[in-house]
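Here is the file data.cif (mmCIF, C-alpha atoms).
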data_protein
loop_
_atom_site.label_atom_id
_atom_site.label_comp_id
_atom_site.auth_asym_id
_atom_site.auth_seq_id
_atom_site.Cartn_x
_atom_site.Cartn_y
_atom_site.Cartn_z
CA MET Q 1 25.00 27.50 25.68
CA PHE Q 2 22.54 28.36 22.94
CA PHE Q 3 24.59 26.36 20.44
CA TYR Q 4 24.59 23.36 22.81
CA LEU Q 5 20.80 23.49 23.27
CA ALA Q 6 20.25 23.82 19.52
CA LEU Q 7 22.55 20.89 18.85
CA LYS Q 8 20.84 18.78 21.51
CA ARG Q 9 17.43 19.67 20.07
CA SER Q 10 18.51 18.76 16.54
CA VAL Q 11 19.88 15.42 17.73
CA HIS Q 12 16.64 14.73 19.60
CA VAL Q 13 14.52 15.60 16.55
CA GLY Q 14 16.78 13.53 14.34
CA ARG Q 15 16.45 10.52 16.62
CA ILE Q 16 12.66 10.82 16.67
CA GLY Q 17 12.61 11.14 12.89
CA THR Q 18 14.82 8.09 12.47
CA GLN Q 19 12.70 6.02 14.85
CA THR Q 20 9.53 7.09 13.04
CA ILE Q 21 10.95 6.09 9.66
CA VAL Q 22 12.11 2.75 11.06
CA LEU Q 23 8.69 2.10 12.59
CA VAL Q 24 6.92 2.87 9.30
CA LEU Q 25 9.28 0.67 7.29
CA VAL Q 26 9.01 -2.21 9.73
CA SER Q 27 5.21 -1.87 9.77
CA ILE Q 28 5.15 -2.13 5.99
CA LEU Q 29 7.43 -5.17 6.04
CA LEU Q 30 5.37 -6.86 8.73
CA ALA Q 31 2.17 -6.13 6.82
CA ALA Q 32 3.67 -7.72 3.72
CA ALA Q 33 4.85 -10.73 5.70
CA PHE Q 34 1.59 -11.34 7.56
CA SER Q 35 -1.01 -10.33 4.98
CA GLY Q 36 -0.71 -13.61 3.07
CA ALA Q 37 -4.03 -15.09 2.01
CA ARG Q 38 -3.43 -18.37 3.84
CA ILE Q 39 -2.52 -16.61 7.10
CA ASN Q 40 -5.65 -14.45 7.07
CA ILE Q 41 -7.89 -17.38 6.16
CA ARG Q 42 -6.37 -19.58 8.85
CA ALA Q 43 -6.82 -16.89 11.49
CA GLU Q 44 -10.49 -16.52 10.52
CA THR Q 45 -11.18 -20.26 10.66
CA SER Q 46 -9.18 -21.13 13.79
CA GLU Q 47 -12.25 -21.72 15.92
CA ARG Q 48 -14.05 -23.82 13.32
CA ASP Q 49 -11.22 -26.22 12.63
CA LEU Q 50 -10.02 -26.73 16.21
CA ASP Q 51 -11.04 -30.39 16.19
CA THR Q 52 -9.16 -30.94 12.94
CA ARG Q 53 -6.10 -29.27 14.41
CA LEU Q 54 -6.15 -31.36 17.59
CA SER Q 55 -6.45 -34.56 15.58
CA HIS Q 56 -3.67 -33.43 13.25
CA TRP Q 57 -1.29 -32.60 16.10
CA GLN Q 58 -1.98 -35.96 17.72
CA SER Q 59 -1.18 -37.71 14.44
CA ILE Q 60 2.08 -35.77 14.14
CA ILE Q 61 3.14 -36.78 17.64
CA GLU Q 62 2.30 -40.41 16.91
CA SER Q 63 4.24 -40.31 13.62
CA GLY Q 64 7.48 -39.37 15.38
CA ASN Q 65 10.17 -41.70 16.66
CA TRP Q 66 10.49 -40.40 20.20
CA ASN Q 67 13.71 -42.01 21.31
CA GLY Q 68 16.12 -40.24 23.63
CA LEU Q 69 18.16 -38.69 20.83
CA ASN Q 70 15.12 -37.24 19.04
CA ILE Q 71 13.63 -35.96 22.28
CA PHE Q 72 16.78 -33.98 23.07
CA PHE Q 73 17.85 -32.91 19.56
CA GLY Q 74 14.64 -33.26 17.54
CA HIS Q 75 13.79 -35.20 14.40
CA GLY Q 76 15.48 -32.60 12.20
CA LEU Q 77 14.32 -29.59 10.21
CA GLY Q 78 11.86 -30.61 7.49
CA SER Q 79 11.58 -34.21 8.69
CA MET Q 80 7.87 -34.12 9.49
CA PRO Q 81 6.33 -34.72 6.00
CA ALA Q 82 8.25 -37.96 5.39
CA ASN Q 83 7.54 -39.31 8.88
CA TYR Q 84 3.90 -38.29 8.61
CA ALA Q 85 3.48 -40.00 5.24
CA LEU Q 86 5.26 -43.19 6.29
CA SER Q 87 3.03 -43.47 9.35
CA GLY Q 88 -0.06 -43.52 7.11
CA ALA Q 89 -1.58 -40.43 8.72
CA ALA Q 90 -1.20 -38.36 5.54
CA LYS Q 91 -3.77 -40.51 3.66
CA LEU Q 92 -1.98 -39.89 0.38
CA GLU Q 93 -4.14 -42.50 -1.31
CA LYS Q 94 -7.08 -40.11 -0.87
CA ILE Q 95 -5.49 -36.78 -1.74
CA GLY Q 96 -3.21 -38.21 -4.44
CA THR Q 97 0.50 -38.88 -4.72
CA PHE Q 98 3.09 -39.73 -7.36
CA ALA Q 99 6.50 -41.28 -7.98
CA ILE Q 100 9.06 -41.34 -10.78
CA ASP Q 101 10.25 -44.66 -12.18
CA LYS Q 102 13.79 -43.57 -13.01
CA ASP Q 103 14.65 -46.77 -14.87
CA LYS Q 104 11.74 -46.40 -17.31
CA SER Q 105 11.37 -42.58 -17.11
CA ILE Q 106 7.68 -42.93 -16.26
CA LEU Q 107 5.60 -40.75 -13.97
CA LYS Q 108 3.21 -42.84 -11.87
CA ILE Q 109 0.28 -40.96 -10.36
CA VAL Q 110 -2.09 -42.32 -7.73
CA PRO Q 111 -5.32 -40.37 -8.39
CA GLY Q 112 -6.63 -38.25 -5.55
CA SER Q 113 -8.87 -35.36 -4.63
CA ASP Q 114 -6.33 -32.54 -4.75
CA LEU Q 115 -3.01 -33.43 -6.40
CA MET Q 116 -2.17 -31.22 -9.38
CA LEU Q 117 0.85 -31.47 -11.68
CA THR Q 118 1.89 -28.28 -13.48
CA GLN Q 119 4.62 -26.76 -15.61
CA ARG Q 120 5.12 -23.06 -16.27
CA LEU Q 121 5.26 -22.03 -19.91
CA GLU Q 122 4.81 -19.15 -22.32
CA ALA Q 123 1.21 -18.91 -23.51
CA ASP Q 124 -1.08 -16.20 -24.84
CA SER Q 125 -4.70 -15.93 -25.91
CA GLN Q 126 -4.03 -15.65 -29.64
CA GLY Q 127 -3.97 -19.31 -30.59
CA ALA Q 128 -4.90 -22.87 -29.77
CA TYR Q 129 -2.66 -25.49 -28.23
CA LEU Q 130 -2.51 -29.24 -28.74
CA LEU Q 131 -1.93 -31.44 -25.69
CA GLU Q 132 -0.90 -35.08 -26.06
CA ILE Q 133 -0.41 -37.51 -23.18
CA SER Q 134 0.98 -41.01 -23.70
CA TYR Q 135 -0.15 -43.26 -20.85
CA GLN Q 136 -0.94 -46.72 -19.50
CA ALA Q 137 -3.84 -47.45 -17.15
CA ASN Q 138 -5.21 -50.66 -15.68
CA GLU Q 139 -8.43 -48.91 -14.70
CA GLU Q 140 -10.40 -45.99 -16.09
CA VAL Q 141 -9.08 -42.69 -14.72
CA ASN Q 142 -10.77 -39.28 -14.80
CA ILE Q 143 -8.43 -36.47 -15.77
CA GLU Q 144 -8.68 -32.66 -15.88
CA VAL Q 145 -6.31 -30.58 -18.03
CA GLY Q 146 -6.13 -26.88 -18.78
CA LEU Q 147 -3.94 -23.83 -19.38
CA CYS Q 148 -4.32 -21.61 -16.33
CA ARG Q 149 -2.84 -18.46 -14.80
CA ARG Q 150 -1.30 -19.40 -11.46
CA ASN Q 151 0.98 -17.90 -8.88
CA MET Q 152 3.68 -20.56 -8.91
CA ILE Q 153 5.06 -20.07 -5.39
CA ILE Q 154 2.89 -17.91 -3.11
CA PHE Q 155 -0.72 -18.88 -2.47
CA GLU Q 156 -2.12 -15.35 -2.82
CA PHE Q 157 -4.08 -14.88 -6.05
CA TRP Q 158 -3.23 -18.50 -6.72
CA ALA Q 159 -5.59 -19.01 -9.66
CA HIS Q 160 -6.76 -16.34 -12.10
CA GLY Q 161 -8.75 -18.47 -14.49
CA CYS Q 162 -8.14 -20.98 -17.23
CA GLY Q 163 -8.75 -20.89 -20.94
CA ASN Q 164 -10.73 -24.12 -21.04
CA ILE Q 165 -10.65 -27.10 -18.71
CA GLU Q 166 -11.14 -30.46 -20.40
CA ARG Q 167 -12.49 -33.27 -18.24
CA ARG Q 168 -12.21 -36.71 -19.77
CA ALA Q 169 -12.16 -40.36 -18.76
CA LEU Q 170 -9.00 -42.12 -19.92
CA PRO Q 171 -9.85 -45.62 -21.19
CA ILE Q 172 -8.10 -48.73 -19.93
CA THR Q 173 -5.05 -49.78 -21.91
CA VAL Q 174 -4.04 -53.27 -22.93
CA GLU Q 175 -1.19 -54.64 -20.83
CA SER Q 176 2.25 -53.32 -21.89
CA GLU Q 177 0.65 -51.12 -24.57
CA SER Q 178 0.24 -47.35 -24.49
CA ARG Q 179 -2.56 -45.06 -25.58
CA ARG Q 180 -2.54 -41.39 -26.48
CA PHE Q 181 -4.89 -38.77 -25.09
CA ILE Q 182 -5.10 -35.74 -27.40
CA VAL Q 183 -7.09 -32.58 -26.70
CA GLY Q 184 -7.10 -28.92 -27.75
CA LEU Q 185 -6.57 -26.17 -25.17
CA THR Q 186 -6.79 -22.38 -25.08
CA ALA Q 187 -5.24 -19.85 -22.71
CA THR Q 188 -6.58 -16.72 -21.04
CA LYS Q 189 -5.41 -13.27 -22.05
CA ASP Q 190 -1.80 -12.45 -21.28
CA GLY Q 191 -1.04 -8.98 -19.93
CA LEU Q 192 1.53 -6.93 -18.06
CA TYR Q 193 0.15 -7.95 -14.66
CA SER Q 194 -1.00 -11.44 -15.57
CA LEU Q 195 0.12 -14.42 -13.54
CA PRO Q 196 2.37 -16.99 -15.23
CA ALA Q 197 0.69 -19.49 -17.52
CA ALA Q 198 0.89 -23.14 -16.55
CA LEU Q 199 -0.31 -26.45 -17.90
CA THR Q 200 -2.36 -28.09 -15.13
CA ILE Q 201 -3.12 -31.80 -14.90
CA LYS Q 202 -5.31 -33.46 -12.26
CA THR Q 203 -6.33 -37.11 -11.96
CA THR Q 204 -9.39 -37.04 -9.76
CA THR Q 205 -10.73 -40.59 -9.55
CA GLY Q 206 -9.32 -44.07 -9.89
CA SER Q 207 -7.79 -46.61 -7.53
CA ALA Q 208 -4.94 -47.87 -9.75
CA PRO Q 209 -1.88 -45.77 -10.64
CA LEU Q 210 -1.82 -43.92 -13.95
CA SER Q 211 1.52 -44.34 -15.73
CA ILE Q 212 2.41 -41.33 -17.89
CA GLU Q 213 5.20 -41.92 -20.39
CA SER Q 214 5.29 -38.47 -21.97
CA ILE Q 215 3.43 -35.17 -22.19
CA SER Q 216 3.61 -32.81 -25.16
CA LEU Q 217 2.09 -29.36 -25.73
CA LEU Q 218 2.38 -27.72 -29.15
CA ASN Q 219 1.43 -24.20 -30.19
CA THR Q 220 -0.01 -23.22 -33.57
CA TYR Q 221 3.50 -23.16 -35.06
CA GLY Q 222 4.19 -26.73 -34.00
CA GLN Q 223 6.70 -25.67 -31.34
CA GLU Q 224 7.06 -27.80 -28.23
CA LEU Q 225 6.37 -25.69 -25.13
CA LEU Q 226 7.14 -28.23 -22.40
CA ARG Q 227 10.54 -29.15 -21.04
CA ASN Q 228 11.35 -32.63 -19.79
CA GLY Q 229 8.08 -33.90 -21.19
CA ASN Q 230 9.36 -37.49 -21.20
CA PHE Q 231 10.53 -37.33 -17.54
CA SER Q 232 14.05 -38.39 -18.49
CA GLU Q 233 15.27 -35.77 -15.99
CA GLY Q 234 12.91 -36.82 -13.24
CA LEU Q 235 10.58 -34.01 -12.17
CA ASP Q 236 12.79 -31.15 -13.38
CA PHE Q 237 10.64 -28.19 -14.55
CA TRP Q 238 7.49 -29.77 -13.08
CA PHE Q 239 5.65 -28.49 -10.00
CA TYR Q 240 3.07 -30.31 -7.93
CA TYR Q 241 0.40 -28.68 -5.78
CA TYR Q 242 -2.10 -29.50 -3.09
CA ASP Q 243 -4.29 -26.40 -3.09
CA PHE Q 244 -6.42 -27.47 -0.14
CA GLU Q 245 -5.23 -30.78 1.36
CA HIS Q 246 -1.98 -29.42 2.81
CA LEU Q 247 -1.87 -30.77 6.37
CA ALA Q 248 0.44 -33.59 5.29
CA TRP Q 249 3.23 -31.03 4.85
CA HIS Q 250 2.67 -28.64 7.76
CA ILE Q 251 2.70 -29.03 11.54
CA LYS Q 252 0.46 -25.97 12.01
CA ASN Q 253 1.69 -25.20 15.53
CA LEU Q 254 4.82 -23.22 16.31
CA TYR Q 255 5.46 -24.84 19.69
CA LEU Q 256 4.99 -28.40 18.44
CA SER Q 257 7.13 -27.51 15.43
CA PHE Q 258 10.03 -26.45 17.66
CA ALA Q 259 9.68 -29.54 19.85
CA TYR Q 260 9.34 -31.95 16.92
CA GLN Q 261 12.12 -30.56 14.72
CA PHE Q 262 14.60 -29.10 17.23
CA GLY Q 263 13.92 -31.10 20.38
CA VAL Q 264 14.55 -29.92 23.92
CA VAL Q 265 18.01 -28.55 23.16
CA GLY Q 266 16.96 -26.58 20.07
CA SER Q 267 13.87 -25.15 21.76
CA LEU Q 268 15.94 -24.02 24.74
CA LEU Q 269 18.47 -22.38 22.41
CA ILE Q 270 15.72 -20.38 20.70
CA PHE Q 271 14.35 -19.38 24.11
CA ALA Q 272 17.89 -18.40 25.15
CA LEU Q 273 18.25 -16.16 22.09
CA ILE Q 274 15.00 -14.37 22.92
CA THR Q 275 16.02 -14.00 26.57
CA ALA Q 276 19.46 -12.69 25.58
CA ALA Q 277 17.84 -10.06 23.38
CA PHE Q 278 15.70 -8.74 26.25
CA ILE Q 279 18.68 -8.82 28.60
CA GLY Q 280 20.59 -6.75 26.07
CA PHE Q 281 17.77 -4.22 25.88
CA TYR Q 282 17.64 -4.07 29.70
CA LYS Q 283 21.36 -3.65 30.32
CA SER Q 284 21.71 -1.03 27.61
CA GLU Q 285 18.75 0.86 29.13
CA GLN Q 286 16.65 0.36 26.00
CA LEU Q 287 13.93 -1.78 27.54
CA LEU Q 288 11.38 1.01 26.96
CA SER Q 289 12.82 2.06 23.61
CA LEU Q 290 11.10 1.94 20.24
CA PRO Q 291 13.25 -0.97 18.92
CA CYS Q 292 12.42 -3.05 22.00
CA ALA Q 293 8.72 -2.26 21.61
CA MET Q 294 8.77 -3.36 17.96
CA PHE Q 295 10.67 -6.53 18.82
CA THR Q 296 8.24 -7.39 21.62
CA ALA Q 297 5.18 -6.73 19.44
CA PHE Q 298 6.64 -8.83 16.64
CA LEU Q 299 7.33 -11.80 18.93
CA ALA Q 300 3.91 -11.49 20.54
CA GLY Q 301 2.25 -11.68 17.13
CA GLN Q 302 4.39 -14.63 16.06
CA PHE Q 303 3.75 -16.69 19.18
CA ALA Q 304 0.06 -15.81 19.30
CA PHE Q 305 -0.47 -16.92 15.73
CA GLY Q 306 1.76 -19.92 16.45
CA ILE Q 307 -1.06 -21.55 18.40
CA PHE Q 308 -2.85 -22.46 15.15
CA GLY Q 309 -0.05 -22.11 12.62
CA ASP Q 310 3.70 -22.10 12.18
CA PRO Q 311 4.97 -18.71 10.96
CA THR Q 312 8.48 -20.12 10.49
CA ASP Q 313 7.08 -22.69 8.05
CA SER Q 314 6.79 -19.96 5.40
CA ALA Q 315 9.91 -18.58 3.75
CA ARG Q 316 8.76 -14.98 4.12
CA THR Q 317 7.65 -15.06 7.74
CA GLY Q 318 10.46 -17.41 8.73
CA MET Q 319 13.00 -14.94 7.37
CA TRP Q 320 11.52 -12.07 9.39
CA PHE Q 321 11.30 -14.17 12.54
CA PHE Q 322 15.02 -14.94 12.59
CA PHE Q 323 15.97 -11.54 11.13
CA MET Q 324 14.21 -9.73 13.98
CA LEU Q 325 15.50 -12.23 16.53
CA PHE Q 326 19.15 -11.79 15.63
CA GLY Q 327 18.68 -8.08 14.94
CA ALA Q 328 17.51 -7.65 18.52
CA MET Q 329 20.85 -9.01 19.68
CA GLY Q 330 22.38 -5.65 18.69
CA PRO Q 331 22.03 -4.02 22.13
CA ALA Q 332 23.68 -6.99 23.83
CA THR Q 333 26.52 -7.00 21.30
CA SER Q 334 27.06 -3.25 21.65
CA LEU Q 335 27.00 -3.52 25.44
CA ALA Q 336 29.56 -6.34 25.43
CA ARG Q 337 31.80 -4.29 23.13
CA ARG Q 338 31.64 -1.25 25.43
CA GLU Q 339 32.37 -3.36 28.50
CA SER Q 340 35.40 -4.93 26.82
CA GLN Q 341 36.71 -1.48 25.90
CA VAL Q 342 36.27 -0.28 29.50
CA ASN Q 343 38.10 -3.33 30.85
CA VAL Q 344 40.98 -2.69 28.47
#
Output the file's structure as structure tokens, nothing else.
Amino acid sequence: MFFYLALKRSVHVGRIGTQTIVLVLVSILLAAAFSGARINIRAETSERDLDTRLSHWQSIIESGNWNGLNIFFGHGLGSMPANYALSGAAKLEKIGTFAIDKDKSILKIVPGSDLMLTQRLEADSQGAYLLEISYQANEEVNIEVGLCRRNMIIFEFWAHGCGNIERRALPITVESESRRFIVGLTATKDGLYSLPAALTIKTTTGSAPLSIESISLLNTYGQELLRNGNFSEGLDFWFYYYDFEHLAWHIKNLYLSFAYQFGVVGSLLIFALITAAFIGFYKSEQLLSLPCAMFTAFLAGQFAFGIFGDPTDSARTGMWFFFMLFGAMGPATSLARRESQVNV
């Protein structure tokens, strides 16, 4: 009897310890997933930009092709940016856009307020760099170039300073002739925890496209630091950013995102998955368990934030959304397995 009580007590303590460890680990993972700079900023400014959000959502709805097929099955995952741009709601002529002329290997940029072209490279603070841009322009275009430390993917700590930013006006070129823009650049100090170095190029004003034939960046040893500088491989190795004007690429509402991309059928399937998870918790008598509590809290946070943002639009938060959703199916799967064994 004593041995049985001791064993039962050890199992109980072990279960509590395991649940505590799981809760701590999940809390850390959720903190990492939801502590992104953009998420915090958006939560703080939700009230101030409500009018902007309502106008944006209306434009997204109007940009869609709401025929019977799209209503039931959605426009498709990731279809919103193209539809939004083609409808004219994105106002790309104001924020800037670009295209590659594959036949001539030329990058054509329509100047705007926020478009930035970058390429990651190896740079330090020990020497100077020589930038050369070969271009054609029918109108004068203002350009900003620099060597900056940037987080290339995630917005957090997105810019940690530049060596020097050169702002110049590119003169008009004679028809069918090219001109060269040459300027010296420096980089900020490179260290163990420094962000990657990147060449940044912005064309801020001008109504006519700027045609860039090639871009070259040399270090003090005369070594070329850029790859695909003549755009013969399209935009390979080049990144483009919109640091602030990002509504053209994001729906910013979880519910509208589901309806727009997945339609009625897809939205019902997601709802069915969530319902199945809770049914599994209920039938396996885990409705008041720690895993069910974590799952419920996670979904509540996702759908609450989803009023003014789309957590699944980010790779990190999207992964955790579906990871937790399918992970919660465990009780239902285990219950079905036990029932099948009993029936056998």
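A straight line drawn from CA of Ile71 in chain Q to CA of Trp320 in chain Q is 27.2 Å long.
Using only C-alpha atoms, the smallest distance between any of Q:Leu225, Q:Ser55, Q:Ile133, Q:Arg149 and Phe237 in chain Q comes from Q:Leu225.
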Given the file above and the PyMOL selection byres ((chain Q and resi 190) around 8), which residues are selected, and can you give them as a short mmCIF file (atom, residue, chain, number, x, y, z; two decimals) with C-alpha atoms, in the frame of the given file?
data_model
loop_
_atom_site.label_atom_id
_atom_site.label_comp_id
_atom_site.auth_asym_id
_atom_site.auth_seq_id
_atom_site.Cartn_x
_atom_site.Cartn_y
_atom_site.Cartn_z
CA ALA Q 123 1.21 -18.91 -23.51
CA ASP Q 124 -1.08 -16.20 -24.84
CA SER Q 125 -4.70 -15.93 -25.91
CA THR Q 188 -6.58 -16.72 -21.04
CA LYS Q 189 -5.41 -13.27 -22.05
CA GLY Q 191 -1.04 -8.98 -19.93
CA LEU Q 192 1.53 -6.93 -18.06
CA SER Q 194 -1.00 -11.44 -15.57
#
Result set, the PyMOL selection byres ((chain Q and resi 75) around 12) on current file, as a PyMOL selection string: chain Q and resi 60-61+63-74+76-84+256-266
Would you kindly return, as a PDB file with C-alpha atoms, in the frame of the given file, each protein, DNA or RNA residue with an atom no farther than 9 Å from any atom of Phe239 in chain Q, considering all atoms listed in the file and excluding same-chain residues fewer than 4 positions away?
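Everything below was put into around_15.pdb:
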ATOM      1  CA  MET Q 116      -2.170 -31.220  -9.380  1.00  0.00           C
ATOM      2  CA  LEU Q 117       0.850 -31.470 -11.680  1.00  0.00           C
ATOM      3  CA  THR Q 118       1.890 -28.280 -13.480  1.00  0.00           C
ATOM      4  CA  GLN Q 119       4.620 -26.760 -15.610  1.00  0.00           C
ATOM      5  CA  ARG Q 120       5.120 -23.060 -16.270  1.00  0.00           C
ATOM      6  CA  MET Q 152       3.680 -20.560  -8.910  1.00  0.00           C
ATOM      7  CA  LEU Q 235      10.580 -34.010 -12.170  1.00  0.00           C
TER       8      LEU Q 235
END
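The shell of residues at most 8 Å from Tyr135 in chain Q, with all atoms listed in the file counted and near chain neighbours (fewer than 4 positions) removed, consists of Ser178, Arg179, Arg180, Phe181, Leu210, Ser211, Ile212, Glu213 and Ser214 of chain Q.
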Q:Glu132, Q:Asp313, Q:Glu144, Q:Glu93 ranked by distance to Glu224 in chain Q, top pick (using only C-alpha atoms): Q:Glu132
Step by step: start from the point (17.8, -11.5, 14.3) in the file's coordinates, keep every protein, DNA or RNA residue that has an atom no farther than 12 Å from it, count all atoms listed in the file, and write the set as an mmCIF file with C-alpha atoms, in the coordinates of the input.
data_model
loop_
_atom_site.group_PDB
_atom_site.id
_atom_site.type_symbol
_atom_site.label_atom_id
_atom_site.label_comp_id
_atom_site.auth_asym_id
_atom_site.auth_seq_id
_atom_site.Cartn_x
_atom_site.Cartn_y
_atom_site.Cartn_z
ATOM 1 C CA ILE Q 270 15.720 -20.380 20.700
ATOM 2 C CA LEU Q 273 18.250 -16.160 22.090
ATOM 3 C CA ILE Q 274 15.000 -14.370 22.920
ATOM 4 C CA ALA Q 276 19.460 -12.690 25.580
ATOM 5 C CA ALA Q 277 17.840 -10.060 23.380
ATOM 6 C CA PHE Q 295 10.670 -6.530 18.820
ATOM 7 C CA PHE Q 298 6.640 -8.830 16.640
ATOM 8 C CA LEU Q 299 7.330 -11.800 18.930
ATOM 9 C CA GLY Q 318 10.460 -17.410 8.730
ATOM 10 C CA MET Q 319 13.000 -14.940 7.370
ATOM 11 C CA TRP Q 320 11.520 -12.070 9.390
ATOM 12 C CA PHE Q 321 11.300 -14.170 12.540
ATOM 13 C CA PHE Q 322 15.020 -14.940 12.590
ATOM 14 C CA PHE Q 323 15.970 -11.540 11.130
ATOM 15 C CA MET Q 324 14.210 -9.730 13.980
ATOM 16 C CA LEU Q 325 15.500 -12.230 16.530
ATOM 17 C CA PHE Q 326 19.150 -11.790 15.630
ATOM 18 C CA GLY Q 327 18.680 -8.080 14.940
ATOM 19 C CA ALA Q 328 17.510 -7.650 18.520
ATOM 20 C CA MET Q 329 20.850 -9.010 19.680
ATOM 21 C CA GLY Q 330 22.380 -5.650 18.690
ATOM 22 C CA PRO Q 331 22.030 -4.020 22.130
#
Picked residues, the PyMOL selection byres ((chain Q and resi 121) around 6), as a ChimeraX atom specification: /Q:120,122,197-198
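Here CA of Pro171 in chain Q stands at a distance of 14.6 Å from CA of Pro111 in chain Q.
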Atom pair CA of Ala272 in chain Q / CA of His250 in chain Q: separation (Å): 25.3 Å
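Candidate residues Q:Gly112, Q:Gly229, Q:Gly280, Q:Pro311 were compared for distance to Leu92 in chain Q, and the nearest is Q:Gly112, using only C-alpha atoms.
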Sel. within 7 Å of pt (-9.9, -35.8, -21.8), counting only C-alpha atoms, output as a PyMOL selection string: chain Q and resi 143-144+166-170+181+183
With N, CA and C atoms as the goal, would you fill in the gaps in range 168-181 of chain Q and present it as an mmCIF file, in the coordinates of the input?
data_model
loop_
_atom_site.group_PDB
_atom_site.id
_atom_site.type_symbol
_atom_site.label_atom_id
_atom_site.label_comp_id
_atom_site.auth_asym_id
_atom_site.auth_seq_id
_atom_site.Cartn_x
_atom_site.Cartn_y
_atom_site.Cartn_z
ATOM 1 N N ARG Q 168 -12.000 -35.500 -18.988
ATOM 2 C CA ARG Q 168 -12.210 -36.710 -19.770
ATOM 3 C C ARG Q 168 -11.935 -37.946 -18.920
ATOM 4 N N ALA Q 169 -12.452 -39.068 -19.372
ATOM 5 C CA ALA Q 169 -12.160 -40.360 -18.760
ATOM 6 C C ALA Q 169 -11.175 -41.094 -19.668
ATOM 7 N N LEU Q 170 -10.005 -41.408 -19.133
ATOM 8 C CA LEU Q 170 -9.000 -42.120 -19.920
ATOM 9 C C LEU Q 170 -9.333 -43.603 -19.931
ATOM 10 N N PRO Q 171 -9.501 -44.193 -21.105
ATOM 11 C CA PRO Q 171 -9.850 -45.620 -21.190
ATOM 12 C C PRO Q 171 -8.717 -46.514 -20.698
ATOM 13 N N ILE Q 172 -9.083 -47.728 -20.350
ATOM 14 C CA ILE Q 172 -8.100 -48.730 -19.930
ATOM 15 C C ILE Q 172 -7.233 -49.110 -21.122
ATOM 16 N N THR Q 173 -5.962 -49.357 -20.854
ATOM 17 C CA THR Q 173 -5.050 -49.780 -21.910
ATOM 18 C C THR Q 173 -4.766 -51.271 -21.799
ATOM 19 N N VAL Q 174 -4.443 -51.870 -22.925
ATOM 20 C CA VAL Q 174 -4.040 -53.270 -22.930
ATOM 21 C C VAL Q 174 -2.668 -53.382 -22.263
ATOM 22 N N GLU Q 175 -2.431 -54.469 -21.569
ATOM 23 C CA GLU Q 175 -1.190 -54.640 -20.830
ATOM 24 C C GLU Q 175 0.032 -54.432 -21.722
ATOM 25 N N SER Q 176 0.976 -53.642 -21.227
ATOM 26 C CA SER Q 176 2.250 -53.320 -21.890
ATOM 27 C C SER Q 176 2.076 -52.472 -23.151
ATOM 28 N N GLU Q 177 0.865 -52.003 -23.431
ATOM 29 C CA GLU Q 177 0.650 -51.120 -24.570
ATOM 30 C C GLU Q 177 0.211 -49.738 -24.077
ATOM 31 N N SER Q 178 0.548 -48.725 -24.864
ATOM 32 C CA SER Q 178 0.240 -47.350 -24.490
ATOM 33 C C SER Q 178 -0.871 -46.787 -25.366
ATOM 34 N N ARG Q 179 -1.565 -45.793 -24.814
ATOM 35 C CA ARG Q 179 -2.560 -45.060 -25.580
ATOM 36 C C ARG Q 179 -2.235 -43.579 -25.506
ATOM 37 N N ARG Q 180 -2.781 -42.826 -26.452
ATOM 38 C CA ARG Q 180 -2.540 -41.390 -26.480
ATOM 39 C C ARG Q 180 -3.854 -40.645 -26.239
ATOM 40 N N PHE Q 181 -3.767 -39.663 -25.366
ATOM 41 C CA PHE Q 181 -4.890 -38.770 -25.090
ATOM 42 C C PHE Q 181 -4.553 -37.420 -25.715
#
